[in-house]
Amino acid sequence: MENQDNSRKTEQHSNKGPEKKKIFLIINVVIRVLQSLFVFAVVMLLLGGALGMGIGMGYFAFLVEDTQPPTKEELQTEISDITEVSHMTYADGTTIATIKSDLVRTRVDGEHISPLLKKAIISTEDEYFEEHKGVVPKAVIRALVSDATGMGGSSGGSTLTQQLVKQQILTDETTFKRKANEILLAYRIEKYFSKDEIVTTYLNVSPFGRNNKGENIAGVEEAAKGLFGKNANDLTLPQAAFIAGLPQSPIIYTPYSNTGALKDDENLAYGMKRKDFVLFSMYREKAITKEEYEAAKSYDLKQDFQPQQAANQDTEDYLYHAVLNQAVKVVMDLNIEKAGVKKDTLDALALDQYEDQARKEIQSRGYTIQSTIDQQVYDTMQNAVANFGYMLDDGYGAGLVETGNVLMDNKTGRIIGFVAGRDYNVSQSNHALDTVRQVGSTIKPISVYGPAIDQGMIGSESRLANYPTTYNLGGELTNATNSGTNTFDTVRHSLEWSYNIPVYHLNEAMKKQMGDDNFSYNNYLSKMNYPASEAWAYESAPLGSVEATVLTQTNGFQALANKGQYQQGYMIDKITDTNGNVIYEHKEAPVQVYSQATASIMNDMMRSVLDSKITTPFKNLVSGLNPALGSLDWIGKTGTTDSYVDAWLVVSTPTITLGSWTGYDNPTAMSPNSGDQNSTYLANLANAVYSVRPDLFGNGEKFTLSNDVIKSTVSNFTGEKPGTFTYNGGTYTAPGPNVVSLYAKDGAPKSKYKFGFGGSDANYSAYWGRYATSSPSSSNNNSGSTTPSSSEKKEETKKEDEKKENTTPSSSGSSN
């Protein structure tokens, strides 16, 4: 037994040796495989990193390939030109005003800034400032990864140099292209300027919240004075730390409200905590000792803040803000173009950033902004609204009846003068340039009659159905004075009376014929910068339910008065910098919207609108005020919206167009006489301007028909060529008298039974039945009577009565 046990032990021992060797072999193989995989991974990582770096460098080069590296002098101007005051002028160069900056700023040299303040801003905003060359690569990569993945929050990545570039040269727009240009310019600045010059410039340009007057301040000198009543060179450590913490979020951390009052303790605590963070950053970077840190942190800084002083008041008026806002749009577009970005690709945030950048640029770069405004004309228009604005008041609503007027040069689109409102102290809304309201029947020549003539669909004497009508979707459609005249009226007559039903039928026919429910907007109004809206396709659009500004509507009539050529209205003629270099000058960009023939026909018909005096007494009024003014070749169109909420009148001579809107700021009904009241006011306004600048009005000039206008002889009954035709088994002859109808193309078609646009079979049967013409049962009679029936005479009498009364509320967005 003992021998057997020993034998088993010997056998077991001998078996363990190979097993251990096998295990060691497996472990060795695994280790070697892992080593190989590790080496492979390292190699791939290096190759991938090199590839990624190559791709990154290539992409960076692509992003900045169209950026022209600025010279040292150009960079100096860009980053340091911060204190120049800009001015705006009238057309003749006379000063309107100095442009107020929303930032109070005083520049100081680096030697007049406390070293404590420099240390504080560097320790907090850019700990590697003294070592880097403008950019910290790892910080940039960290920021880009964070932006790309959305993880890690806001990781920063901008050095003081990059922040300087962002504030003074670029925008805050978060695109890779802007970031690449920021990096390029940061390296450029570090190449040309010392570290002290960079930090000094940063401290001079950065915003620091508000001072004790409630003013927005920039630069450390104004911060030191506005918060502590000291110069920037005399700040204590806690004061310097507080100021250094402000640029990250100036309005949150500032100790003052917009009135200059000291914030309550709860809101003041944000700035105090930020101050403590700055102190800790200085201690961490060994800029101050532990003792200095603790003493400054425990110091009661609240006692050092300046007491409140009287806040400054903005006393500027309509003109100041109008010119400034127009200039901001110009500079904003220049900056977007300079950045190589398409404006229509920018979102609202990016557009706001570009607008903010443009406003700051105008306020601080010492620009001279020359407007198109004629001082004599503008002052006269302001006096006129002060003297004659009362003519608009009717007592129907609360407050004043407001008005907006624009006087525009037809040939160029230059805005010569405007009236933005009755009283700036009552309402700061610019009713001429900014307020949008329903345009009423003033849209008819622009969106329906003009396009239809341009397409050869109608001539001036074509006939349009004016019978009781309902919209396709239901609801009665009426004219301003009736539910229809129960006849087919001519185009000219329908425009003179500003009928709704005929223009509705014409517009529906045009949409159908052109295969586009939005034909007028797509092919005409969009070319004149009317605002895009789905409302242009609505059935009520040709009646004036759409909205626009007085400037936009005046500009539409300018195109017709200028032989069909649109020149976008403008107020900024030129912008120059402090050295007299022109950075912007208006360039004309004419657009031929209507043919010359179409425009001249529309002008001929709109002369009839004023001469007929059906919808406006304007022509009589100007003649009564000044016969010379009344003798000018005036054309125009009125417009009224439902319940007389808006009243419009736009008039032109061959050289100028003058638009006028009236209504309450809170859209409520005005008097049924609001149209006449607007006409009376506008006549007095025009006379006032004429008295100081008669040369603007084109004395002796006339609107004439273009040489290519086709003068077609037509039957007054059908509006088409006289002649005989058959219909439904009968022979008909279009009766006379014959008249001339003006066409822009093709000329009048041959007469046919259904000659007009709109109207039912019953309407045509009734219309043909008014005359002793042929019928299917009497086909041999081919002579037409020219004498109106008794029903026709009654209709004309009815129209005369309507002409006298003309006080029934309008429908569907428009009236006269």
# chains A, B, ... in the order shown; residues from 1 in each chain; ligands from 1
call {"tool": "residues_around", "arguments": {"residues": "stretch 659-661 of chain A", "least_positions_apart": "4", "cutoff": "6 Å", "atoms": "only C-alpha atoms", "output": "list in words"}}
result
Thr403, Gly404, Asn405, Val406, Thr554, Ala647, Trp648, Leu649 and Val650 of chain A
call {"tool": "write_last_selection", "arguments": {"atoms": "N, CA and C atoms", "output": "short mmCIF file (atom, residue, chain, number, x, y, z; two decimals), in the first residue's frame"}}
result
data_model
loop_
_atom_site.label_atom_id
_atom_site.label_comp_id
_atom_site.auth_asym_id
_atom_site.auth_seq_id
_atom_site.Cartn_x
_atom_site.Cartn_y
_atom_site.Cartn_z
N THR A 403 -49.52 109.73 -38.74
CA THR A 403 -49.25 109.76 -40.17
C THR A 403 -47.81 109.39 -40.45
N GLY A 404 -47.57 108.88 -41.63
CA GLY A 404 -46.23 108.62 -42.12
C GLY A 404 -46.16 109.07 -43.56
N ASN A 405 -45.12 109.83 -43.92
CA ASN A 405 -44.97 110.37 -45.27
C ASN A 405 -43.54 110.18 -45.77
N VAL A 406 -43.39 109.88 -47.03
CA VAL A 406 -42.08 109.75 -47.65
C VAL A 406 -42.07 110.52 -48.96
N THR A 554 -44.47 103.73 -51.34
CA THR A 554 -44.01 104.88 -52.13
C THR A 554 -43.04 104.42 -53.20
N ALA A 647 -55.98 104.94 -43.95
CA ALA A 647 -56.25 105.75 -45.13
C ALA A 647 -54.92 106.05 -45.82
N TRP A 648 -54.88 105.82 -47.14
CA TRP A 648 -53.65 105.99 -47.93
C TRP A 648 -53.90 106.93 -49.11
N LEU A 649 -52.85 107.62 -49.49
CA LEU A 649 -52.83 108.36 -50.75
C LEU A 649 -51.38 108.48 -51.18
N VAL A 650 -51.09 107.97 -52.40
CA VAL A 650 -49.75 108.09 -52.96
C VAL A 650 -49.88 108.85 -54.28
#
call {"tool": "closest_atom_pairs", "arguments": {"of": "stretch 452-505 of chain A", "to": "stretch 709-720 of chain A", "cutoff": "8 Å", "atoms": "only C-alpha atoms", "output": "tab-separated table"}}
result
residue	atom	partner	partner_atom	distance
A:Glu461	CA	A:Gly719	CA	5.4
A:Ser462	CA	A:Gly719	CA	4.3
A:Arg463	CA	A:Gly719	CA	5.6
A:Thr490	CA	A:Gly719	CA	7.4
call {"tool": "write_last_selection", "arguments": {"atoms": "N, CA and C atoms", "output": "PDB file, in the first residue's frame"}}
result
ATOM      1  N   GLU A 461     -59.293 100.159 -71.821  1.00  0.00           N
ATOM      2  CA  GLU A 461     -60.757 100.192 -71.953  1.00  0.00           C
ATOM      3  C   GLU A 461     -61.359  98.790 -72.012  1.00  0.00           C
ATOM      4  N   SER A 462     -60.577  97.780 -71.616  1.00  0.00           N
ATOM      5  CA  SER A 462     -61.140  96.434 -71.514  1.00  0.00           C
ATOM      6  C   SER A 462     -62.239  96.432 -70.459  1.00  0.00           C
ATOM      7  N   ARG A 463     -63.135  95.456 -70.553  1.00  0.00           N
ATOM      8  CA  ARG A 463     -64.286  95.405 -69.639  1.00  0.00           C
ATOM      9  C   ARG A 463     -64.115  94.301 -68.595  1.00  0.00           C
ATOM     10  N   THR A 490     -65.243  99.419 -67.534  1.00  0.00           N
ATOM     11  CA  THR A 490     -63.909  99.448 -68.147  1.00  0.00           C
ATOM     12  C   THR A 490     -62.834  99.428 -67.062  1.00  0.00           C
TER      13      THR A 490
END
call {"tool": "closest_atom_pairs", "arguments": {"of": "stretch 289-350 of chain A", "to": "stretch 575-588 of chain A", "cutoff": "12 Å", "atoms": "only C-alpha atoms", "output": "JSON lines"}}
result
{"residue": "A:Val323", "atom": "CA", "partner": "A:Ile575", "partner_atom": "CA", "distance": 11.6}
{"residue": "A:Leu324", "atom": "CA", "partner": "A:Ile575", "partner_atom": "CA", "distance": 11.6}
{"residue": "A:Gln326", "atom": "CA", "partner": "A:Ile575", "partner_atom": "CA", "distance": 11.5}
{"residue": "A:Ala327", "atom": "CA", "partner": "A:Ile575", "partner_atom": "CA", "distance": 8.3}
{"residue": "A:Val328", "atom": "CA", "partner": "A:Ile575", "partner_atom": "CA", "distance": 11.0}
{"residue": "A:Lys329", "atom": "CA", "partner": "A:Tyr584", "partner_atom": "CA", "distance": 11.8}
{"residue": "A:Val330", "atom": "CA", "partner": "A:Tyr584", "partner_atom": "CA", "distance": 8.1}
{"residue": "A:Val331", "atom": "CA", "partner": "A:Tyr584", "partner_atom": "CA", "distance": 8.1}
{"residue": "A:Met332", "atom": "CA", "partner": "A:Tyr584", "partner_atom": "CA", "distance": 11.4}
{"residue": "A:Asp333", "atom": "CA", "partner": "A:Tyr584", "partner_atom": "CA", "distance": 10.6}
{"residue": "A:Leu334", "atom": "CA", "partner": "A:Tyr584", "partner_atom": "CA", "distance": 8.2}
{"residue": "A:Asn335", "atom": "CA", "partner": "A:Ile583", "partner_atom": "CA", "distance": 11.0}
{"residue": "A:Lys338", "atom": "CA", "partner": "A:Ile583", "partner_atom": "CA", "distance": 11.9}
call {"tool": "residues_around", "arguments": {"residues": "A:Thr106", "least_positions_apart": "3", "cutoff": "9 Å", "atoms": "only C-alpha atoms", "output": "PDB file with C-alpha atoms, in the first residue's frame"}}
result
ATOM      1  CA  THR A  83     -12.346 106.727 -29.311  1.00  0.00           C
ATOM      2  CA  ASN A 204      -8.936  99.950 -23.067  1.00  0.00           C
ATOM      3  CA  ALA A 218     -15.732 100.593 -21.621  1.00  0.00           C
ATOM      4  CA  GLY A 219     -12.063 100.734 -20.754  1.00  0.00           C
ATOM      5  CA  VAL A 220     -10.522 100.508 -17.312  1.00  0.00           C
ATOM      6  CA  GLU A 221     -10.145 104.267 -16.855  1.00  0.00           C
ATOM      7  CA  GLU A 222     -13.913 104.837 -17.019  1.00  0.00           C
TER       8      GLU A 222
END
call {"tool": "atom_distance", "arguments": {"atom1": "atom CA of A:Ser608", "atom2": "atom CA of A:Ala669"}}
result
28.8 Å
call {"tool": "residues_around", "arguments": {"residues": "A:Leu392", "least_positions_apart": "4", "cutoff": "8 Å", "atoms": "only C-alpha atoms", "output": "list in words"}}
result
Val401, Glu402, Thr662, Ser674, Gln677, Asn678 and Tyr681 of chain A
call {"tool": "write_last_selection", "arguments": {"atoms": "N, CA and C atoms", "output": "PDB file, in the first residue's frame"}}
result
ATOM      1  N   VAL A 401     -54.416 110.879 -34.445  1.00  0.00           N
ATOM      2  CA  VAL A 401     -54.345 110.112 -35.682  1.00  0.00           C
ATOM      3  C   VAL A 401     -52.937 110.301 -36.216  1.00  0.00           C
ATOM      4  N   GLU A 402     -52.196 109.213 -36.334  1.00  0.00           N
ATOM      5  CA  GLU A 402     -50.797 109.287 -36.764  1.00  0.00           C
ATOM      6  C   GLU A 402     -50.678 109.341 -38.278  1.00  0.00           C
ATOM      7  N   THR A 662     -52.375 107.343 -42.931  1.00  0.00           N
ATOM      8  CA  THR A 662     -52.860 107.846 -41.652  1.00  0.00           C
ATOM      9  C   THR A 662     -53.648 106.752 -40.944  1.00  0.00           C
ATOM     10  N   SER A 674     -62.025 109.940 -43.429  1.00  0.00           N
ATOM     11  CA  SER A 674     -60.578 109.911 -43.204  1.00  0.00           C
ATOM     12  C   SER A 674     -59.789 110.046 -44.502  1.00  0.00           C
ATOM     13  N   GLN A 677     -59.716 113.652 -45.339  1.00  0.00           N
ATOM     14  CA  GLN A 677     -58.849 114.338 -44.377  1.00  0.00           C
ATOM     15  C   GLN A 677     -57.370 114.117 -44.702  1.00  0.00           C
ATOM     16  N   ASN A 678     -57.036 112.895 -45.098  1.00  0.00           N
ATOM     17  CA  ASN A 678     -55.665 112.601 -45.513  1.00  0.00           C
ATOM     18  C   ASN A 678     -55.303 113.410 -46.755  1.00  0.00           C
ATOM     19  N   TYR A 681     -54.658 117.041 -45.717  1.00  0.00           N
ATOM     20  CA  TYR A 681     -53.352 117.147 -45.056  1.00  0.00           C
ATOM     21  C   TYR A 681     -52.222 117.052 -46.067  1.00  0.00           C
TER      22      TYR A 681
END
call {"tool": "residues_around", "arguments": {"residues": "stretch 516-531 of chain A", "least_positions_apart": "4", "cutoff": "8 Å", "atoms": "only C-alpha atoms", "output": "PyMOL selection string"}}
result
chain A and resi 446-448+451+510-512+536-537+548+552+555-556+566+568+591+593-594
call {"tool": "closest_atom_pairs", "arguments": {"of": "stretch 645-731 of chain A", "to": "stretch 369-381 of chain A", "cutoff": "10 Å", "atoms": "only C-alpha atoms", "output": "Markdown table"}}
result
| residue | atom | partner | partner_atom | distance |
| --- | --- | --- | --- | --- |
| A:Asn684 | CA | A:Met381 | CA | 9.9 |
| A:Leu685 | CA | A:Met381 | CA | 6.6 |
| A:Ala686 | CA | A:Met381 | CA | 8.6 |
| A:Ala688 | CA | A:Thr380 | CA | 6.6 |
| A:Val689 | CA | A:Val377 | CA | 6.1 |
| A:Tyr690 | CA | A:Val377 | CA | 9.0 |
| A:Ser691 | CA | A:Thr380 | CA | 9.3 |
| A:Val692 | CA | A:Val377 | CA | 7.3 |
| A:Arg693 | CA | A:Val377 | CA | 7.2 |
call {"tool": "residues_around", "arguments": {"residues": "A:Glu547", "least_positions_apart": "3", "cutoff": "9 Å", "atoms": "only C-alpha atoms", "output": "NGL selection string"}}
result
:A and (436-440 or 531 or 544)
call {"tool": "select_by_dssp", "arguments": {"residues": "stretch 458-640 of chain A", "states": "helix (DSSP H, G or I)", "output": "JSON, numbers by chain"}}
result
{"A": [491, 492, 493, 494, 495, 496, 497, 501, 502, 503, 504, 505, 506, 507, 508, 509, 510, 511, 512, 513, 514, 519, 520, 521, 522, 523, 525, 526, 527, 528, 534, 535, 536, 537, 541, 542, 543, 550, 551, 552, 553, 554, 555, 556, 557, 558, 559, 560, 561, 596, 597, 598, 599, 600, 601, 602, 603, 604, 605, 606, 607, 608, 609, 610, 611, 612, 618, 619, 620, 621, 622, 623, 624, 625, 627, 628, 629, 630]}
call {"tool": "write_last_selection", "arguments": {"atoms": "C-alpha atoms", "output": "PDB file, in the first residue's frame"}}
result
ATOM      1  CA  VAL A 491     -60.491  99.068 -66.544  1.00  0.00           C
ATOM      2  CA  ARG A 492     -60.066 102.839 -66.411  1.00  0.00           C
ATOM      3  CA  HIS A 493     -63.500 103.374 -64.868  1.00  0.00           C
ATOM      4  CA  SER A 494     -62.907 100.581 -62.322  1.00  0.00           C
ATOM      5  CA  LEU A 495     -59.604 102.178 -61.273  1.00  0.00           C
ATOM      6  CA  GLU A 496     -61.152 105.647 -61.000  1.00  0.00           C
ATOM      7  CA  TRP A 497     -63.867 104.305 -58.708  1.00  0.00           C
ATOM      8  CA  ILE A 501     -65.125  93.282 -57.693  1.00  0.00           C
ATOM      9  CA  PRO A 502     -63.576  93.971 -61.137  1.00  0.00           C
ATOM     10  CA  VAL A 503     -60.003  93.813 -59.830  1.00  0.00           C
ATOM     11  CA  TYR A 504     -60.807  90.585 -58.021  1.00  0.00           C
ATOM     12  CA  HIS A 505     -62.006  88.968 -61.259  1.00  0.00           C
ATOM     13  CA  LEU A 506     -58.968  90.238 -63.145  1.00  0.00           C
ATOM     14  CA  ASN A 507     -56.577  88.893 -60.529  1.00  0.00           C
ATOM     15  CA  GLU A 508     -58.250  85.468 -60.463  1.00  0.00           C
ATOM     16  CA  ALA A 509     -58.076  85.313 -64.274  1.00  0.00           C
ATOM     17  CA  MET A 510     -54.403  86.313 -64.233  1.00  0.00           C
ATOM     18  CA  LYS A 511     -53.514  83.628 -61.679  1.00  0.00           C
ATOM     19  CA  LYS A 512     -55.312  81.021 -63.780  1.00  0.00           C
ATOM     20  CA  GLN A 513     -53.861  82.166 -67.091  1.00  0.00           C
ATOM     21  CA  MET A 514     -50.305  82.307 -65.690  1.00  0.00           C
ATOM     22  CA  PHE A 519     -47.904  85.347 -59.923  1.00  0.00           C
ATOM     23  CA  SER A 520     -47.917  89.055 -59.051  1.00  0.00           C
ATOM     24  CA  TYR A 521     -45.567  88.684 -56.113  1.00  0.00           C
ATOM     25  CA  ASN A 522     -43.194  86.246 -57.785  1.00  0.00           C
ATOM     26  CA  ASN A 523     -42.833  88.271 -60.974  1.00  0.00           C
ATOM     27  CA  LEU A 525     -43.609  92.724 -56.190  1.00  0.00           C
ATOM     28  CA  SER A 526     -40.609  90.634 -55.129  1.00  0.00           C
ATOM     29  CA  LYS A 527     -38.470  92.671 -57.528  1.00  0.00           C
ATOM     30  CA  MET A 528     -39.472  95.785 -55.586  1.00  0.00           C
ATOM     31  CA  GLU A 534     -48.161  83.748 -48.150  1.00  0.00           C
ATOM     32  CA  ALA A 535     -50.895  86.407 -47.939  1.00  0.00           C
ATOM     33  CA  TRP A 536     -50.051  87.562 -51.482  1.00  0.00           C
ATOM     34  CA  ALA A 537     -51.785  84.405 -52.757  1.00  0.00           C
ATOM     35  CA  ALA A 541     -54.630  90.341 -51.571  1.00  0.00           C
ATOM     36  CA  PRO A 542     -55.461  92.505 -54.635  1.00  0.00           C
ATOM     37  CA  LEU A 543     -57.879  94.457 -52.461  1.00  0.00           C
ATOM     38  CA  VAL A 550     -45.075 103.804 -46.415  1.00  0.00           C
ATOM     39  CA  LEU A 551     -41.528 103.616 -47.768  1.00  0.00           C
ATOM     40  CA  THR A 552     -42.221 100.323 -49.558  1.00  0.00           C
ATOM     41  CA  GLN A 553     -45.496 101.551 -51.037  1.00  0.00           C
ATOM     42  CA  THR A 554     -44.005 104.877 -52.126  1.00  0.00           C
ATOM     43  CA  ASN A 555     -41.180 102.926 -53.768  1.00  0.00           C
ATOM     44  CA  GLY A 556     -43.686 100.840 -55.749  1.00  0.00           C
ATOM     45  CA  PHE A 557     -45.261 103.984 -57.218  1.00  0.00           C
ATOM     46  CA  GLN A 558     -41.772 105.374 -57.888  1.00  0.00           C
ATOM     47  CA  ALA A 559     -41.214 102.440 -60.260  1.00  0.00           C
ATOM     48  CA  LEU A 560     -44.337 103.269 -62.273  1.00  0.00           C
ATOM     49  CA  ALA A 561     -43.478 106.978 -62.327  1.00  0.00           C
ATOM     50  CA  GLN A 596     -42.105 101.327 -70.319  1.00  0.00           C
ATOM     51  CA  ALA A 597     -45.361 100.899 -72.214  1.00  0.00           C
ATOM     52  CA  THR A 598     -47.082  99.407 -69.150  1.00  0.00           C
ATOM     53  CA  ALA A 599     -45.827 102.130 -66.832  1.00  0.00           C
ATOM     54  CA  SER A 600     -46.943 104.906 -69.170  1.00  0.00           C
ATOM     55  CA  ILE A 601     -50.424 103.372 -69.510  1.00  0.00           C
ATOM     56  CA  MET A 602     -50.761 103.041 -65.737  1.00  0.00           C
ATOM     57  CA  ASN A 603     -49.643 106.655 -65.286  1.00  0.00           C
ATOM     58  CA  ASP A 604     -52.238 107.754 -67.864  1.00  0.00           C
ATOM     59  CA  MET A 605     -54.971 105.928 -65.933  1.00  0.00           C
ATOM     60  CA  MET A 606     -53.799 107.184 -62.533  1.00  0.00           C
ATOM     61  CA  ARG A 607     -53.970 110.720 -63.912  1.00  0.00           C
ATOM     62  CA  SER A 608     -57.649 109.941 -64.525  1.00  0.00           C
ATOM     63  CA  VAL A 609     -57.986 108.855 -60.875  1.00  0.00           C
ATOM     64  CA  LEU A 610     -56.987 112.325 -59.632  1.00  0.00           C
ATOM     65  CA  ASP A 611     -58.642 114.279 -62.446  1.00  0.00           C
ATOM     66  CA  SER A 612     -61.986 112.496 -61.911  1.00  0.00           C
ATOM     67  CA  PHE A 618     -56.482 116.164 -53.850  1.00  0.00           C
ATOM     68  CA  LYS A 619     -56.310 117.832 -57.275  1.00  0.00           C
ATOM     69  CA  ASN A 620     -58.842 120.504 -56.307  1.00  0.00           C
ATOM     70  CA  LEU A 621     -57.138 121.056 -52.970  1.00  0.00           C
ATOM     71  CA  VAL A 622     -53.644 121.677 -54.359  1.00  0.00           C
ATOM     72  CA  SER A 623     -55.066 123.899 -57.065  1.00  0.00           C
ATOM     73  CA  GLY A 624     -56.892 125.948 -54.431  1.00  0.00           C
ATOM     74  CA  LEU A 625     -53.746 126.295 -52.321  1.00  0.00           C
ATOM     75  CA  PRO A 627     -52.540 127.182 -58.901  1.00  0.00           C
ATOM     76  CA  ALA A 628     -48.959 126.556 -60.017  1.00  0.00           C
ATOM     77  CA  LEU A 629     -48.831 123.435 -57.859  1.00  0.00           C
ATOM     78  CA  GLY A 630     -52.210 122.306 -59.152  1.00  0.00           C
TER      79      GLY A 630
END
call {"tool": "residues_around", "arguments": {"residues": "A:Ala241", "least_positions_apart": "6", "cutoff": "9 Å", "atoms": "only C-alpha atoms", "output": "PyMOL selection string"}}
result
chain A and resi 116-117+120-121+274-279+282+296
call {"tool": "write_last_selection", "arguments": {"atoms": "C-alpha atoms", "output": "PDB file, in the first residue's frame"}}
result
ATOM      1  CA  LEU A 116      -2.333  94.928 -10.170  1.00  0.00           C
ATOM      2  CA  LEU A 117      -5.074  95.283 -12.764  1.00  0.00           C
ATOM      3  CA  ALA A 120      -5.588  90.351 -12.299  1.00  0.00           C
ATOM      4  CA  ILE A 121      -6.879  90.189 -15.901  1.00  0.00           C
ATOM      5  CA  ARG A 274     -16.456  87.000  -9.206  1.00  0.00           C
ATOM      6  CA  LYS A 275     -14.010  89.351  -7.444  1.00  0.00           C
ATOM      7  CA  ASP A 276     -13.080  86.582  -5.007  1.00  0.00           C
ATOM      8  CA  PHE A 277     -12.473  84.214  -7.916  1.00  0.00           C
ATOM      9  CA  VAL A 278     -10.126  86.762  -9.508  1.00  0.00           C
ATOM     10  CA  LEU A 279      -8.217  87.114  -6.230  1.00  0.00           C
ATOM     11  CA  MET A 282      -3.983  85.774  -8.737  1.00  0.00           C
ATOM     12  CA  ALA A 296      -8.279  91.629  -0.089  1.00  0.00           C
TER      13      ALA A 296
END
call {"tool": "closest_residue", "arguments": {"among": "A:Leu185, A:Ala683, A:Ala480, A:Val108", "to": "A:Leu75", "atoms": "only C-alpha atoms"}}
result
A:Leu185
call {"tool": "closest_residue", "arguments": {"among": "A:Thr657, A:Asn233, A:Asn486, A:Thr368", "to": "A:Asp573", "atoms": "only C-alpha atoms"}}
result
A:Thr368
